[in-house]
>>> print(open('protein-v1.cif').read())   # mmCIF, C-alpha atoms
data_target
loop_
_atom_site.label_atom_id
_atom_site.label_comp_id
_atom_site.auth_asym_id
_atom_site.auth_seq_id
_atom_site.Cartn_x
_atom_site.Cartn_y
_atom_site.Cartn_z
CA MET A 1114 -2.05 -101.43 79.77
CA SER A 1115 -4.39 -100.05 77.10
CA ASN A 1116 -1.47 -98.32 75.40
CA ALA A 1117 0.62 -101.48 75.54
CA ILE A 1118 -2.11 -103.58 73.91
CA PHE A 1119 -2.96 -100.92 71.34
CA HIS A 1120 0.59 -100.23 70.19
CA ASN A 1121 1.69 -103.87 70.20
CA THR A 1122 -1.31 -105.21 68.31
CA ARG A 1123 -0.73 -105.28 64.58
CA TYR A 1124 -3.70 -105.33 62.25
CA ASN A 1125 -4.77 -103.89 58.93
CA HIS A 1126 -6.45 -100.62 59.87
CA ALA A 1127 -8.04 -100.31 56.43
CA ILE A 1128 -10.13 -103.45 57.03
CA PHE A 1129 -11.84 -101.76 59.94
CA ASP A 1130 -12.42 -98.32 58.38
CA LYS A 1131 -16.14 -98.93 57.83
CA PHE A 1132 -16.75 -99.78 61.48
CA ASN A 1133 -17.39 -97.34 64.29
CA ARG A 1134 -15.46 -99.44 66.82
CA VAL A 1135 -13.94 -102.94 66.80
CA ILE A 1136 -14.92 -104.52 70.11
CA ILE A 1137 -13.22 -107.63 71.43
CA GLU A 1138 -14.80 -109.44 74.36
CA ASP A 1139 -13.09 -112.33 76.12
CA SER A 1140 -12.10 -113.66 79.52
CA THR A 1141 -9.07 -115.08 81.26
CA CYS A 1142 -8.67 -117.15 84.42
CA ILE A 1143 -6.10 -116.45 87.11
CA LYS A 1144 -4.99 -118.57 90.04
CA LEU A 1145 -5.55 -117.11 93.51
CA CYS A 1146 -4.57 -117.96 97.06
CA ASN A 1147 -6.58 -120.94 98.32
CA ALA A 1148 -7.68 -118.90 101.32
CA LEU A 1149 -10.05 -117.17 98.87
CA PHE A 1150 -11.69 -120.41 97.69
CA GLU A 1151 -15.04 -119.71 99.35
CA SER A 1152 -15.25 -116.33 97.63
CA PHE A 1153 -14.05 -117.26 94.15
CA SER A 1154 -14.44 -121.06 93.93
CA GLY A 1155 -12.38 -122.99 91.41
CA ASN A 1156 -11.52 -126.67 90.99
CA SER A 1157 -11.73 -129.24 93.77
CA ASN A 1158 -11.58 -133.04 93.73
CA GLY A 1159 -12.19 -133.40 97.44
CA LEU A 1160 -8.51 -133.56 98.22
CA VAL A 1161 -6.98 -130.64 96.39
CA LYS A 1162 -8.44 -127.19 95.90
CA LYS A 1163 -7.38 -124.71 93.23
CA THR A 1164 -8.82 -121.24 93.68
CA MET A 1165 -9.50 -119.50 90.39
CA SER A 1166 -11.02 -116.21 89.32
CA ARG A 1167 -12.38 -115.29 85.91
CA ILE A 1168 -11.82 -111.79 84.52
CA GLN A 1169 -14.18 -110.56 81.82
CA PHE A 1170 -12.94 -107.73 79.63
CA THR A 1171 -14.16 -105.70 76.69
CA PHE A 1172 -11.68 -103.73 74.59
CA ASP A 1173 -12.06 -101.41 71.60
CA LEU A 1174 -9.23 -102.50 69.32
CA LYS A 1175 -9.69 -99.61 66.92
CA GLY A 1176 -9.76 -96.88 69.55
CA GLY A 1177 -7.40 -98.52 72.03
CA GLN A 1178 -9.82 -98.13 74.94
CA TRP A 1179 -11.02 -100.44 77.72
CA LEU A 1180 -14.82 -100.51 77.74
CA ASN A 1181 -15.46 -102.88 80.61
CA GLY A 1182 -13.81 -105.22 83.09
CA LYS A 1183 -15.27 -107.56 85.69
CA LEU A 1184 -13.63 -109.76 88.30
CA GLY A 1185 -15.78 -112.75 89.17
CA THR A 1186 -15.78 -116.37 90.21
CA TYR A 1187 -14.35 -119.12 88.05
CA LYS A 1188 -17.71 -120.91 87.80
CA VAL A 1189 -19.46 -117.97 86.13
CA THR A 1190 -18.91 -118.80 82.47
CA ASP A 1191 -18.54 -116.51 79.46
CA ASN A 1192 -22.05 -117.31 78.29
CA THR A 1193 -23.47 -115.69 81.42
CA PHE A 1194 -22.16 -112.38 80.06
CA SER A 1195 -23.24 -112.94 76.45
CA THR A 1196 -25.95 -110.25 76.52
CA ASP A 1197 -24.23 -107.78 78.88
CA ILE A 1198 -22.42 -106.25 75.93
CA GLN A 1199 -25.71 -104.82 74.65
CA ASP A 1200 -25.27 -101.91 77.07
CA ARG A 1201 -21.90 -101.02 75.51
CA VAL A 1202 -22.34 -101.50 71.76
CA GLU A 1203 -23.65 -99.01 69.23
CA LYS A 1204 -24.78 -98.96 65.63
CA GLY A 1205 -21.84 -99.53 63.31
CA ASP A 1206 -19.66 -101.40 65.85
CA LEU A 1207 -18.02 -104.74 65.03
CA VAL A 1208 -18.10 -107.32 67.84
CA LEU A 1209 -15.56 -110.18 67.90
CA ARG A 1210 -16.21 -113.02 70.37
CA ASP A 1211 -15.55 -116.76 70.59
CA LEU A 1212 -18.08 -119.57 70.96
CA GLY A 1213 -18.16 -119.18 74.74
CA TYR A 1214 -20.44 -116.17 74.19
CA TRP A 1215 -22.73 -117.87 71.67
CA ASN A 1216 -26.23 -116.55 72.21
CA LEU A 1217 -28.90 -116.28 69.53
CA SER A 1218 -30.76 -113.57 71.44
CA ALA A 1219 -27.59 -111.46 71.42
CA PHE A 1220 -27.17 -112.05 67.68
CA ARG A 1221 -30.74 -110.97 67.06
CA TYR A 1222 -30.11 -107.79 69.06
CA PHE A 1223 -27.01 -107.07 66.96
CA VAL A 1224 -28.89 -107.52 63.70
CA GLU A 1225 -31.86 -105.41 64.79
CA ASN A 1226 -29.54 -102.58 65.89
CA GLU A 1227 -27.22 -102.71 62.85
CA ILE A 1228 -24.25 -103.95 64.84
CA PHE A 1229 -21.76 -106.14 62.99
CA PHE A 1230 -20.49 -109.34 64.60
CA LEU A 1231 -18.20 -112.26 63.80
CA SER A 1232 -18.49 -115.66 65.46
CA LYS A 1233 -17.70 -119.26 64.70
CA LEU A 1234 -20.76 -121.37 63.94
CA LYS A 1235 -21.80 -123.63 66.81
CA VAL A 1236 -22.15 -127.26 65.76
CA GLY A 1237 -25.76 -128.42 65.93
CA THR A 1238 -27.28 -125.00 65.27
CA ALA A 1239 -30.43 -125.18 63.15
CA ILE A 1240 -29.85 -123.48 59.79
CA PHE A 1241 -32.63 -122.35 57.46
CA LYS A 1242 -32.86 -120.89 53.98
CA VAL A 1243 -33.81 -117.22 53.76
CA ASP A 1244 -37.35 -118.27 52.85
CA GLY A 1245 -37.61 -120.22 56.13
CA GLY A 1246 -37.17 -123.68 54.64
CA ASN A 1247 -34.82 -126.19 56.23
CA LEU A 1248 -31.22 -126.20 55.00
CA ASP A 1249 -29.31 -129.49 55.27
CA ILE A 1250 -25.78 -128.18 55.76
CA GLN A 1251 -24.35 -131.71 55.62
CA ASN A 1252 -25.74 -132.38 52.16
CA LEU A 1253 -24.76 -128.90 51.02
CA LEU A 1254 -21.11 -129.44 51.99
CA LYS A 1255 -21.14 -132.90 50.44
CA SER A 1256 -22.35 -131.45 47.15
CA TYR A 1257 -19.66 -128.78 47.33
CA ASP A 1258 -17.03 -131.46 47.86
CA LYS A 1259 -18.22 -133.34 44.78
CA GLN A 1260 -18.10 -130.13 42.74
CA GLY A 1261 -14.65 -129.24 44.02
CA VAL A 1262 -15.99 -126.06 45.64
CA ASN A 1263 -13.84 -124.99 48.59
CA GLN A 1264 -15.84 -122.04 49.92
CA VAL A 1265 -19.39 -121.32 51.00
CA ASP A 1266 -20.79 -117.80 51.34
CA MET A 1267 -24.54 -117.38 51.69
CA GLN A 1268 -27.33 -115.65 53.56
CA VAL A 1269 -29.20 -117.93 55.98
CA LEU A 1270 -31.39 -117.91 59.08
CA ILE A 1271 -30.17 -119.62 62.26
CA GLY A 1272 -31.72 -120.97 65.45
CA VAL A 1273 -35.26 -120.91 66.77
CA HIS A 1274 -35.29 -117.13 66.40
CA LYS A 1275 -34.30 -117.52 62.73
CA VAL A 1276 -31.73 -114.76 62.98
CA PRO A 1277 -30.62 -113.53 59.52
CA VAL A 1278 -26.85 -113.89 59.13
CA ARG A 1279 -24.25 -114.49 56.50
CA ILE A 1280 -22.45 -117.81 56.80
CA VAL A 1281 -18.95 -118.07 55.39
CA GLY A 1282 -16.97 -121.31 55.34
CA TYR A 1283 -13.86 -122.70 53.74
CA LYS A 1284 -12.62 -126.25 53.28
CA LEU A 1285 -9.72 -127.20 55.53
CA ASP A 1286 -6.81 -129.16 54.14
CA SER A 1287 -6.40 -132.74 55.35
CA LEU A 1288 -3.93 -131.84 58.12
CA GLN A 1289 -6.12 -129.03 59.47
CA ALA A 1290 -9.21 -131.24 59.32
CA GLN A 1291 -7.46 -134.03 61.21
CA LYS A 1292 -6.31 -131.64 63.94
CA LYS A 1293 -9.85 -130.32 64.28
CA LEU A 1294 -11.28 -133.81 64.54
CA SER A 1295 -8.66 -134.88 67.05
CA ALA A 1296 -9.41 -131.87 69.25
CA SER A 1297 -13.14 -132.51 69.15
CA LYS A 1298 -14.80 -134.71 71.75
CA ARG A 1299 -17.56 -135.51 69.25
CA VAL A 1300 -17.02 -138.77 67.36
CA ALA A 1301 -20.34 -139.18 65.56
CA ILE A 1302 -19.80 -139.96 61.90
CA LYS A 1303 -22.46 -137.48 60.85
CA ILE A 1304 -20.32 -134.50 61.87
CA ASN A 1305 -17.07 -135.65 60.30
CA LEU A 1306 -17.70 -133.81 57.04
CA TYR A 1307 -18.91 -130.75 58.86
CA GLN A 1308 -15.77 -130.69 61.01
CA SER A 1309 -13.67 -130.64 57.85
CA TRP A 1310 -15.06 -127.19 57.12
CA GLN A 1311 -14.41 -124.01 59.10
CA CYS A 1312 -17.56 -121.89 59.28
CA THR A 1313 -18.11 -118.42 60.70
CA LEU A 1314 -21.02 -116.01 60.94
CA PRO A 1315 -19.97 -112.56 59.79
CA HIS A 1316 -23.06 -110.37 59.93
CA GLY A 1317 -22.87 -107.76 57.22
CA THR A 1318 -19.20 -108.15 56.37
CA TYR A 1319 -16.70 -110.76 55.18
CA LEU A 1320 -13.35 -110.78 56.96
#
>>> encode(input="protein-v1.cif", output="structure tokens")
Amino acid sequence: MSNAIFHNTRYNHAIFDKFNRVIIEDSTCIKLCNALFESFSGNSNGLVKKTMSRIQFTFDLKGGQWLNGKLGTYKVTDNTFSTDIQDRVEKGDLVLRDLGYWNLSAFRYFVENEIFFLSKLKVGTAIFKVDGGNLDIQNLLKSYDKQGVNQVDMQVLIGVHKVPVRIVGYKLDSLQAQKKLSASKRVAIKINLYQSWQCTLPHGTYL
């Protein structure tokens, strides 16, 4: 399976030359026989049971090697494993994970150990200037809109731990922004502008 993934995944190798390894962590859910419900749990509305299992995996895209795999219950979410990766990463690695693994303690560990990471920015995360002062991201993006600026790229601190990261964002076109808003369960007016931007946290590198 490793060979199949490695040889069928197309990416620009040159982009990743500076990194030791490019580590992807994610999970997938699979349906199981309902006789295993007590062991793996799943979804149940009192009438119908659907037994599900969640498989966690870690893969080195650059080297084409599996680093870890775990079979667990459906109810154990990705965030539960957000810091487990610390036992498998090394200085110079690049870690790619989605918001399910968002964990400021993990980010702080990456920064302190010179591990690169890329993650979307979680809505509602406190953002500070590098001097520790508050940064109003809403007003910042509004000012960029007025100036016709379509990209943001700056060093900031995030969360209660004030983890130093680089935040990169770009303005979505109207169609992309509408799709993002439609997919979001949040309807508060205050986040409408923010949702029209796509922001990521690339620590140490811009992809």
>>> residues_around(input="protein-v1.cif", residues="Leu1212 in chain A", least_positions_apart="6", cutoff="8 Å", atoms="only C-alpha atoms", output="number ranges by chain")
A: 1232-1235
>>> closest_residue(input="protein-v1.cif", among="A:Asn1226, A:Asn1252, A:Thr1186, A:Asn1181", to="Ser1152 in chain A", atoms="all atoms listed in the file")
A:Thr1186
>>> atom_distance(input="protein-v1.cif", atom1="CA of Arg1167 in chain A", atom2="CA of Val1135 in chain A")
22.8 Å
>>> closest_residue(input="protein-v1.cif", among="A:Leu1288, A:Glu1138, A:Gln1199, A:Phe1153", to="Phe1170 in chain A", atoms="all atoms listed in the file")
A:Glu1138
>>> atom_distance(input="protein-v1.cif", atom1="CA of Val1281 in chain A", atom2="CA of Ser1195 in chain A")
22.1 Å
>>> residues_around(input="protein-v1.cif", residues="Leu1145 in chain A", least_positions_apart="4", cutoff="9 Å", atoms="all atoms listed in the file", output="PDB file with C-alpha atoms, in the coordinates of the input")
ATOM      1  CA  LEU A1149     -10.050-117.170  98.870  1.00  0.00           C
ATOM      2  CA  PHE A1150     -11.690-120.410  97.690  1.00  0.00           C
ATOM      3  CA  PHE A1153     -14.050-117.260  94.150  1.00  0.00           C
ATOM      4  CA  LYS A1163      -7.380-124.710  93.230  1.00  0.00           C
ATOM      5  CA  THR A1164      -8.820-121.240  93.680  1.00  0.00           C
ATOM      6  CA  MET A1165      -9.500-119.500  90.390  1.00  0.00           C
ATOM      7  CA  SER A1166     -11.020-116.210  89.320  1.00  0.00           C
TER       8      SER A1166
END
>>> resolve_selection(input="protein-v1.cif", expression="the PyMOL selection byres ((chain A and resi 1272) around 9)", output="ChimeraX atom specification")
/A:1217,1238-1241,1270-1271,1273-1276
>>> resolve_selection(input="protein-v1.cif", expression="the PyMOL selection byres ((chain A and resi 1168) around 8)", output="list in words")
Ser1140, Thr1141, Cys1142, Ile1143, Ser1166, Arg1167, Gln1169, Phe1170, Gly1182, Lys1183, Leu1184 and Gly1185 of chain A
>>> resolve_selection(input="protein-v1.cif", expression="the PyMOL selection byres ((chain A and resi 1134) around 10)", output="VMD selection string")
chain A and resid 1129 to 1133 1135 to 1137 1172 to 1178 1202 to 1208 1229
>>> write_last_selection(input="protein-v1.cif", atoms="C-alpha atoms", output="compact mmCIF listing (two decimals), in the frame of the given file")
# COMPACT_ATOMS: atom_id res chain seq x y z
CA PHE A 1129 -11.84 -101.76 59.94
CA ASP A 1130 -12.42 -98.32 58.38
CA LYS A 1131 -16.14 -98.93 57.83
CA PHE A 1132 -16.75 -99.78 61.48
CA ASN A 1133 -17.39 -97.34 64.29
CA VAL A 1135 -13.94 -102.94 66.80
CA ILE A 1136 -14.92 -104.52 70.11
CA ILE A 1137 -13.22 -107.63 71.43
CA PHE A 1172 -11.68 -103.73 74.59
CA ASP A 1173 -12.06 -101.41 71.60
CA LEU A 1174 -9.23 -102.50 69.32
CA LYS A 1175 -9.69 -99.61 66.92
CA GLY A 1176 -9.76 -96.88 69.55
CA GLY A 1177 -7.40 -98.52 72.03
CA GLN A 1178 -9.82 -98.13 74.94
CA VAL A 1202 -22.34 -101.50 71.76
CA GLU A 1203 -23.65 -99.01 69.23
CA LYS A 1204 -24.78 -98.96 65.63
CA GLY A 1205 -21.84 -99.53 63.31
CA ASP A 1206 -19.66 -101.40 65.85
CA LEU A 1207 -18.02 -104.74 65.03
CA VAL A 1208 -18.10 -107.32 67.84
CA PHE A 1229 -21.76 -106.14 62.99
>>> atom_distance(input="protein-v1.cif", atom1="CA of Tyr1283 in chain A", atom2="CA of Asn1247 in chain A")
21.4 Å
>>> closest_residue(input="protein-v1.cif", among="A:Leu1231, A:Leu1253, A:Val1224, A:Ala1127", to="Asp1211 in chain A", atoms="only C-alpha atoms")
A:Leu1231
>>> closest_residue(input="protein-v1.cif", among="A:Leu1285, A:Ala1148, A:Val1236, A:Ile1250", to="Gln1264 in chain A", atoms="only C-alpha atoms")
A:Leu1285
>>> closest_residue(input="protein-v1.cif", among="A:Leu1209, A:Leu1180, A:Ala1219, A:Ile1128", to="Phe1194 in chain A", atoms="only C-alpha atoms")
A:Ala1219
>>> closest_residue(input="protein-v1.cif", among="A:Gln1289, A:Pro1277, A:Thr1190, A:Asp1266", to="Tyr1222 in chain A", atoms="only C-alpha atoms")
A:Pro1277
>>> axis_aligned_box(input="protein-v1.cif", around="range 1249-1255 of chain A", padding_each_side="6 Å", output="AutoDock Vina command-line options")
--center_x -25.2 --center_y -130.5 --center_z 53.1 --size_x 20.2 --size_y 16.7 --size_z 17.3
